[in-house]
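Read the structure below first, then the notes.
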Amino acid sequence: AIDVATFGETMATVRAEGLIRLGGGMRLSVAGAESNVAIGLARLGHRARWTGLVGDDETGELVLRTLRAEGVDVTHARTDPRGPTGLMLVERRLGELTRVIYHRSGSAASFLGPPDVLPALDPPPRMLHLTGITPALGPGPAAAVRAAAELDVPVCLDVNHRSRLWDRERAANALRPLAPHLTVAVASEDELDLLAPAGAATEEERVSALLAAGVAQVVVKRGAAGASAYTSAETVHRPARPVRVADVVGAGDAFVAGYLSGLLDGLGLAGRLDRATVTGAFAVATPGDWEGLPARSELALLDALPGTTLR
Ligand code: KDG
């Protein structure tokens, strides 16, 4: 049986050594918020399934091959000739300021619809993970998210607002109706209003409104300032684990993988948030979206003293 199923768009990703407009060296990999979470979970020993459409092209092969190599189940993923595999260019523009350029409109993934994802959720996984990126990709992906959220499966949603794909108003209109279906809601502090009812004005009011709507766990990410998790019975705050920043892209997905891993393992709220801050720190400290994510046996490495050599 599958522990966590997820679906969305995974793109070929090019990380430039310098500025894109100057050309020069780059490194080719793959990335997508949902597949980043699936890889994070698979590395921790959970059965993760990713479903999506890639183009009938070499970068599509790269996406599927990479996910297979990471132990992610791609039984229901397929190529679709209607569009190419999406492409994301990443440049470090200024110190820790990263700039992302998408070439994804009209991609194969933008044709995803309910018939592509519903078979991957039968039999039901223990959890379904969705992100607010998928409904931004087009009407088909938005319908797939709605149909999946309505199934009788515990759902985790990470708001993941992408302002290059849609504005906040459209995002809120698509995401707010999903709230009653969620077991776990994850948002950055500046994204919580895209999920909570329009009337709620402060973080406290937004969290209370989501809990009142039936969301069992609300998790708020604060980047370098840490994270908070709320249930109707408990509130936990955790600082971020200090690491030298190599690449912040993918940190939120790693955080979600750690949180869901803790949930699957039956950890309490504090234990889930602790694991999430550890996996988030691994993502920040290593280059790439998911490449540096820990195996289960590596989780404790973050506690090793600086300068340690393992031999
Ligand atoms: O969370 C990191 C993702 O944003 C990145 O890997 C690509 O899925 C992606 C997106 O749509 O931005």
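Residue numbering restarts at 1 for every chain of the structure tokens, chains are lettered A, B, ... in their displayed order, and ligands are numbered from 1 as they appear.
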Show me which residues sit within 10 Å of ligand 1 when counting only C-alpha atoms and all ligand atoms, and put them as a compact mmCIF listing (two decimals) with N, CA, C and O atoms, in the first residue's frame.
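File written: out.txt
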# COMPACT_ATOMS: atom_id res chain seq x y z
N GLY A 8 1.26 16.40 -9.61
CA GLY A 8 1.52 17.79 -9.99
C GLY A 8 2.47 17.84 -11.16
O GLY A 8 2.60 16.86 -11.90
N GLU A 9 3.11 18.99 -11.33
CA GLU A 9 4.05 19.16 -12.45
C GLU A 9 5.49 19.06 -11.95
O GLU A 9 5.89 19.79 -11.04
N THR A 10 6.24 18.17 -12.57
CA THR A 10 7.68 18.12 -12.32
C THR A 10 8.39 18.52 -13.61
O THR A 10 8.06 18.02 -14.68
N MET A 11 9.32 19.46 -13.47
CA MET A 11 9.97 20.08 -14.63
C MET A 11 11.44 19.71 -14.69
O MET A 11 12.05 19.37 -13.67
N ALA A 12 12.00 19.81 -15.88
CA ALA A 12 13.45 19.83 -15.99
C ALA A 12 13.92 21.14 -15.36
O ALA A 12 13.27 22.17 -15.50
N THR A 13 15.01 21.10 -14.62
CA THR A 13 15.51 22.29 -13.93
C THR A 13 16.96 22.52 -14.29
O THR A 13 17.76 21.59 -14.24
N VAL A 30 15.88 17.81 -12.05
CA VAL A 30 14.42 17.91 -12.14
C VAL A 30 13.90 18.48 -10.83
O VAL A 30 14.54 18.35 -9.79
N ALA A 31 12.75 19.14 -10.89
CA ALA A 31 12.14 19.65 -9.67
C ALA A 31 10.66 19.87 -9.85
O ALA A 31 10.17 20.19 -10.94
N GLY A 32 9.96 19.71 -8.77
CA GLY A 32 8.53 19.98 -8.69
C GLY A 32 8.20 19.86 -7.21
O GLY A 32 8.71 18.96 -6.54
N ALA A 33 7.39 20.77 -6.71
CA ALA A 33 7.14 20.77 -5.27
C ALA A 33 6.64 19.39 -4.80
O ALA A 33 7.10 18.88 -3.78
N GLU A 34 5.73 18.79 -5.57
CA GLU A 34 5.11 17.53 -5.12
C GLU A 34 6.12 16.38 -5.20
O GLU A 34 6.20 15.55 -4.30
N SER A 35 6.89 16.32 -6.30
CA SER A 35 7.87 15.23 -6.39
C SER A 35 9.02 15.44 -5.40
O SER A 35 9.62 14.47 -4.94
N ASN A 36 9.31 16.70 -5.06
CA ASN A 36 10.31 16.93 -4.00
C ASN A 36 9.86 16.29 -2.69
O ASN A 36 10.64 15.66 -1.98
N VAL A 37 8.57 16.46 -2.38
CA VAL A 37 8.04 15.85 -1.15
C VAL A 37 8.10 14.33 -1.25
O VAL A 37 8.50 13.64 -0.30
N GLY A 86 7.85 20.70 -18.84
CA GLY A 86 8.13 22.07 -18.41
C GLY A 86 9.61 22.24 -18.07
O GLY A 86 10.34 21.27 -17.83
N LEU A 87 10.02 23.51 -18.05
CA LEU A 87 11.43 23.84 -17.77
C LEU A 87 11.49 24.98 -16.77
O LEU A 87 10.74 25.95 -16.88
N MET A 88 12.36 24.83 -15.80
CA MET A 88 12.58 25.91 -14.82
C MET A 88 14.07 26.27 -14.81
O MET A 88 14.92 25.39 -14.70
N LEU A 89 14.36 27.55 -14.96
CA LEU A 89 15.73 28.04 -14.88
C LEU A 89 15.92 28.70 -13.51
O LEU A 89 15.05 29.46 -13.08
N VAL A 90 17.02 28.42 -12.86
CA VAL A 90 17.27 28.97 -11.53
C VAL A 90 18.61 29.68 -11.53
O VAL A 90 19.61 29.11 -11.97
N VAL A 100 13.83 32.58 -10.24
CA VAL A 100 13.35 31.41 -10.97
C VAL A 100 12.63 31.89 -12.23
O VAL A 100 11.87 32.85 -12.18
N ILE A 101 12.90 31.26 -13.36
CA ILE A 101 12.21 31.59 -14.62
C ILE A 101 11.53 30.31 -15.10
O ILE A 101 12.18 29.26 -15.22
N TYR A 102 10.23 30.40 -15.35
CA TYR A 102 9.49 29.22 -15.81
C TYR A 102 9.29 29.24 -17.33
O TYR A 102 9.02 30.29 -17.90
N ARG A 104 6.75 26.91 -18.81
CA ARG A 104 5.86 25.78 -18.50
C ARG A 104 4.46 25.96 -19.03
O ARG A 104 3.66 25.04 -18.92
N THR A 131 -0.56 20.50 -3.59
CA THR A 131 -0.03 21.85 -3.40
C THR A 131 -0.89 22.84 -4.18
O THR A 131 -1.56 22.49 -5.15
N GLY A 132 -0.81 24.09 -3.75
CA GLY A 132 -1.52 25.17 -4.40
C GLY A 132 -0.89 25.56 -5.72
O GLY A 132 -1.38 26.48 -6.38
N ILE A 133 0.18 24.89 -6.14
CA ILE A 133 0.75 25.16 -7.47
C ILE A 133 -0.14 24.52 -8.54
O ILE A 133 -0.46 25.15 -9.55
N THR A 134 -0.58 23.28 -8.30
CA THR A 134 -1.29 22.52 -9.33
C THR A 134 -2.53 23.24 -9.87
O THR A 134 -2.69 23.33 -11.09
N ALA A 136 -3.01 26.22 -10.26
CA ALA A 136 -2.60 27.39 -11.04
C ALA A 136 -2.22 27.01 -12.47
O ALA A 136 -2.04 27.89 -13.31
N LEU A 137 -2.09 25.72 -12.74
CA LEU A 137 -1.55 25.29 -14.05
C LEU A 137 -2.60 25.28 -15.15
O LEU A 137 -2.26 25.22 -16.32
N ASP A 158 -0.15 22.09 0.85
CA ASP A 158 0.83 23.16 1.06
C ASP A 158 0.45 24.28 0.10
O ASP A 158 0.42 24.07 -1.12
N ASN A 160 1.91 27.01 -1.05
CA ASN A 160 2.95 27.21 -2.08
C ASN A 160 2.54 28.25 -3.13
O ASN A 160 2.51 27.95 -4.32
N HIS A 161 2.26 29.47 -2.71
CA HIS A 161 1.82 30.48 -3.69
C HIS A 161 2.95 30.82 -4.66
O HIS A 161 4.07 31.11 -4.24
N ARG A 162 2.66 30.75 -5.96
CA ARG A 162 3.65 31.10 -6.98
C ARG A 162 3.11 32.30 -7.75
O ARG A 162 2.27 32.16 -8.64
N SER A 163 3.62 33.49 -7.42
CA SER A 163 3.06 34.73 -7.98
C SER A 163 3.35 34.86 -9.48
O SER A 163 2.72 35.66 -10.16
N ARG A 164 4.31 34.08 -10.01
CA ARG A 164 4.53 34.12 -11.46
C ARG A 164 3.47 33.31 -12.21
O ARG A 164 3.42 33.35 -13.44
N LEU A 165 2.66 32.54 -11.48
CA LEU A 165 1.63 31.72 -12.14
C LEU A 165 0.24 32.33 -12.04
O LEU A 165 -0.57 32.17 -12.95
N VAL A 248 18.06 27.68 -0.93
CA VAL A 248 16.79 27.61 -0.17
C VAL A 248 15.65 27.01 -0.98
O VAL A 248 14.62 26.64 -0.41
N VAL A 249 15.79 26.89 -2.30
CA VAL A 249 14.69 26.35 -3.11
C VAL A 249 14.48 24.87 -2.73
O VAL A 249 15.43 24.10 -2.70
N GLY A 250 13.25 24.52 -2.44
CA GLY A 250 12.95 23.15 -2.04
C GLY A 250 12.89 22.95 -0.53
O GLY A 250 12.47 21.90 -0.05
N ALA A 251 13.27 23.99 0.23
CA ALA A 251 13.29 23.83 1.70
C ALA A 251 11.88 23.56 2.25
O ALA A 251 11.70 22.72 3.14
N GLY A 252 10.88 24.26 1.69
CA GLY A 252 9.52 24.06 2.17
C GLY A 252 9.03 22.64 1.89
O GLY A 252 8.31 22.05 2.71
N ASP A 253 9.41 22.11 0.74
CA ASP A 253 8.98 20.75 0.40
C ASP A 253 9.66 19.72 1.32
O ASP A 253 9.03 18.76 1.76
N ALA A 254 10.94 19.95 1.60
CA ALA A 254 11.66 19.07 2.52
C ALA A 254 11.01 19.12 3.90
O ALA A 254 10.86 18.09 4.57
N GLY A 288 20.50 22.25 -4.77
CA GLY A 288 19.44 21.49 -5.43
C GLY A 288 18.18 21.48 -4.59
O GLY A 288 18.19 21.79 -3.40
N ASP A 289 17.05 21.16 -5.25
CA ASP A 289 15.76 21.12 -4.57
C ASP A 289 15.70 19.97 -3.56
O ASP A 289 15.16 20.13 -2.47
N TRP A 290 16.19 18.80 -3.97
CA TRP A 290 15.95 17.58 -3.17
C TRP A 290 17.22 16.72 -3.03
O TRP A 290 17.23 15.77 -2.25
Using DSSP on the backbone, list every residue of region 35-77 of chain A that comes out as helix (DSSP H, G or I), and give them as a list in words.
Ser35, Asn36, Val37, Ala38, Ile39, Gly40, Leu41, Ala42, Arg43, Glu58, Thr59, Gly60, Glu61, Leu62, Val63, Leu64, Arg65, Thr66, Leu67, Arg68 and Ala69 of chain A
Mind checking which residues fall within 10 Å of region 199-204 of chain A, counting only C-alpha atoms, ignoring those fewer than 4 positions away in the same chain, and posting them as a PyMOL selection string?
chain A and resi 189-190+192-193+208-210+220+230
For CA of Gly45 (chain A) and CA of Ala1 (chain A), determine how far apart the two atoms are, in Å to one decimal place.
13.3 Å
What's the 9 Å shell around region 268-275 of chain A, counting only C-alpha atoms, without same-chain residues fewer than 3 positions away, as a list in words?
Gln217, Val219, Ala227, Ser228, Ala229, Tyr230, Thr231, Glu234, Thr235, Val236, His237, Arg238, Phe255, Ala257, Gly258, Tyr259, Leu260, Ser261, Gly262, Leu263, Asp265, Val278, Thr279, Gly280 and Leu299 of chain A
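Computed from the coordinates, the CA of Ala147 (chain A) to CA of Leu121 (chain A) distance equals 10.8 Å.
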Can you list, as an MDAnalysis selection string, all residues belonging to region 36-243 of chain A that DSSP tags as strand (DSSP E)?
chainID A and resid 48:51 53:54 78:79 87:94 97:103 127:131 155:158 182:188 217:221 227:230 235:238
What does the file look like for those residues with N, CA and C atoms, as a short mmCIF file (atom, residue, chain, number, x, y, z; two decimals), in the first residue's frame?
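Now in out.cif:
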data_model
loop_
_atom_site.label_atom_id
_atom_site.label_comp_id
_atom_site.auth_asym_id
_atom_site.auth_seq_id
_atom_site.Cartn_x
_atom_site.Cartn_y
_atom_site.Cartn_z
N ALA A 48 6.09 6.29 -1.35
CA ALA A 48 5.55 7.52 -1.92
C ALA A 48 5.26 7.31 -3.39
N ARG A 49 4.13 7.84 -3.84
CA ARG A 49 3.74 7.74 -5.25
C ARG A 49 3.57 9.15 -5.82
N TRP A 50 4.18 9.38 -7.00
CA TRP A 50 3.97 10.64 -7.70
C TRP A 50 3.29 10.34 -9.03
N THR A 51 2.28 11.12 -9.36
CA THR A 51 1.59 10.97 -10.64
C THR A 51 1.60 12.31 -11.36
N LEU A 53 1.98 14.21 -15.75
CA LEU A 53 2.24 14.06 -17.17
C LEU A 53 3.55 14.75 -17.51
N VAL A 54 4.39 14.09 -18.27
CA VAL A 54 5.60 14.73 -18.80
C VAL A 54 5.51 14.67 -20.32
N ARG A 78 2.75 9.31 -16.79
CA ARG A 78 2.92 8.94 -18.18
C ARG A 78 3.35 10.13 -19.03
N THR A 79 3.80 9.81 -20.23
CA THR A 79 4.12 10.88 -21.18
C THR A 79 2.84 11.25 -21.93
N LEU A 87 10.02 23.51 -18.05
CA LEU A 87 11.43 23.84 -17.77
C LEU A 87 11.49 24.98 -16.77
N MET A 88 12.36 24.83 -15.80
CA MET A 88 12.58 25.91 -14.82
C MET A 88 14.07 26.27 -14.81
N LEU A 89 14.36 27.55 -14.96
CA LEU A 89 15.73 28.04 -14.88
C LEU A 89 15.92 28.70 -13.51
N VAL A 90 17.02 28.42 -12.86
CA VAL A 90 17.27 28.97 -11.53
C VAL A 90 18.61 29.68 -11.53
N GLU A 91 18.63 30.94 -11.08
CA GLU A 91 19.91 31.64 -10.94
C GLU A 91 20.01 32.27 -9.56
N ARG A 92 21.22 32.23 -9.00
CA ARG A 92 21.49 32.95 -7.76
C ARG A 92 21.79 34.37 -8.18
N ARG A 93 20.84 35.28 -7.99
CA ARG A 93 21.01 36.63 -8.53
C ARG A 93 21.87 37.49 -7.62
N LEU A 94 21.68 37.33 -6.32
CA LEU A 94 22.34 38.22 -5.37
C LEU A 94 22.46 37.46 -4.06
N LEU A 97 19.65 35.56 -2.66
CA LEU A 97 18.42 35.84 -3.42
C LEU A 97 18.43 35.04 -4.73
N THR A 98 17.47 34.15 -4.84
CA THR A 98 17.40 33.27 -6.00
C THR A 98 16.29 33.74 -6.93
N ARG A 99 16.52 33.68 -8.25
CA ARG A 99 15.48 34.03 -9.20
C ARG A 99 15.15 32.80 -10.05
N VAL A 100 13.83 32.58 -10.24
CA VAL A 100 13.35 31.41 -10.97
C VAL A 100 12.63 31.89 -12.23
N ILE A 101 12.90 31.26 -13.36
CA ILE A 101 12.21 31.59 -14.62
C ILE A 101 11.53 30.31 -15.10
N TYR A 102 10.23 30.40 -15.35
CA TYR A 102 9.49 29.22 -15.81
C TYR A 102 9.29 29.24 -17.33
N HIS A 103 9.39 28.08 -17.95
CA HIS A 103 8.91 27.86 -19.32
C HIS A 103 7.98 26.66 -19.21
N MET A 127 -2.21 8.85 2.98
CA MET A 127 -2.39 10.31 2.89
C MET A 127 -2.24 10.76 1.45
N LEU A 128 -2.89 11.87 1.14
CA LEU A 128 -2.76 12.52 -0.16
C LEU A 128 -2.11 13.88 0.07
N HIS A 129 -1.07 14.19 -0.71
CA HIS A 129 -0.44 15.51 -0.58
C HIS A 129 -0.69 16.34 -1.83
N LEU A 130 -1.26 17.54 -1.63
CA LEU A 130 -1.55 18.46 -2.73
C LEU A 130 -0.80 19.76 -2.50
N THR A 131 -0.56 20.50 -3.59
CA THR A 131 -0.03 21.85 -3.40
C THR A 131 -0.89 22.84 -4.18
N VAL A 155 -6.05 14.55 3.68
CA VAL A 155 -5.34 15.39 2.71
C VAL A 155 -4.44 16.39 3.42
N CYS A 156 -3.21 16.53 2.91
CA CYS A 156 -2.32 17.62 3.31
C CYS A 156 -2.21 18.56 2.12
N LEU A 157 -2.35 19.85 2.35
CA LEU A 157 -2.17 20.84 1.28
C LEU A 157 -1.13 21.86 1.71
N ASP A 158 -0.15 22.09 0.85
CA ASP A 158 0.83 23.16 1.06
C ASP A 158 0.45 24.28 0.10
N LEU A 182 -9.34 19.37 4.26
CA LEU A 182 -7.95 19.16 4.66
C LEU A 182 -7.81 18.60 6.06
N THR A 183 -6.85 17.69 6.22
CA THR A 183 -6.44 17.24 7.55
C THR A 183 -5.25 18.08 8.01
N VAL A 184 -4.33 18.33 7.09
CA VAL A 184 -3.14 19.13 7.40
C VAL A 184 -3.08 20.30 6.41
N ALA A 185 -2.97 21.51 6.92
CA ALA A 185 -2.77 22.68 6.07
C ALA A 185 -1.40 23.26 6.38
N VAL A 186 -0.60 23.47 5.33
CA VAL A 186 0.74 24.05 5.50
C VAL A 186 0.79 25.34 4.69
N ALA A 187 1.30 26.40 5.30
CA ALA A 187 1.42 27.68 4.60
C ALA A 187 2.57 28.47 5.19
N SER A 188 3.20 29.31 4.37
CA SER A 188 4.11 30.31 4.93
C SER A 188 3.26 31.35 5.62
N GLN A 217 -4.73 19.97 11.66
CA GLN A 217 -3.39 20.50 11.96
C GLN A 217 -3.08 21.64 11.00
N VAL A 218 -2.70 22.78 11.56
CA VAL A 218 -2.30 23.93 10.74
C VAL A 218 -0.82 24.20 11.03
N VAL A 219 -0.01 24.19 9.98
CA VAL A 219 1.44 24.35 10.15
C VAL A 219 1.86 25.62 9.41
N VAL A 220 2.53 26.52 10.13
CA VAL A 220 2.94 27.80 9.55
C VAL A 220 4.47 27.84 9.47
N LYS A 221 4.97 28.03 8.23
CA LYS A 221 6.42 28.09 8.00
C LYS A 221 6.87 29.55 8.06
N ALA A 227 9.09 27.62 12.62
CA ALA A 227 7.75 27.18 12.21
C ALA A 227 6.89 26.98 13.45
N SER A 228 5.57 26.98 13.23
CA SER A 228 4.61 26.72 14.31
C SER A 228 3.61 25.68 13.83
N ALA A 229 3.11 24.86 14.74
CA ALA A 229 2.07 23.90 14.40
C ALA A 229 0.95 24.02 15.43
N TYR A 230 -0.27 24.01 14.93
CA TYR A 230 -1.44 24.20 15.78
C TYR A 230 -2.44 23.06 15.59
N THR A 235 -0.28 23.90 20.75
CA THR A 235 0.49 24.79 19.87
C THR A 235 1.97 24.52 20.12
N VAL A 236 2.74 24.36 19.05
CA VAL A 236 4.19 24.14 19.20
C VAL A 236 4.92 25.11 18.28
N HIS A 237 5.96 25.78 18.81
CA HIS A 237 6.82 26.63 17.98
C HIS A 237 8.23 26.03 17.97
N ARG A 238 8.89 26.11 16.85
CA ARG A 238 10.28 25.64 16.78
C ARG A 238 11.10 26.63 15.97
#
Looking at A:Gly40, A:Gly113, A:Pro154, A:Gly95, which one is nearest to Ala283 (chain A), with distances taken over only C-alpha atoms?
A:Gly40
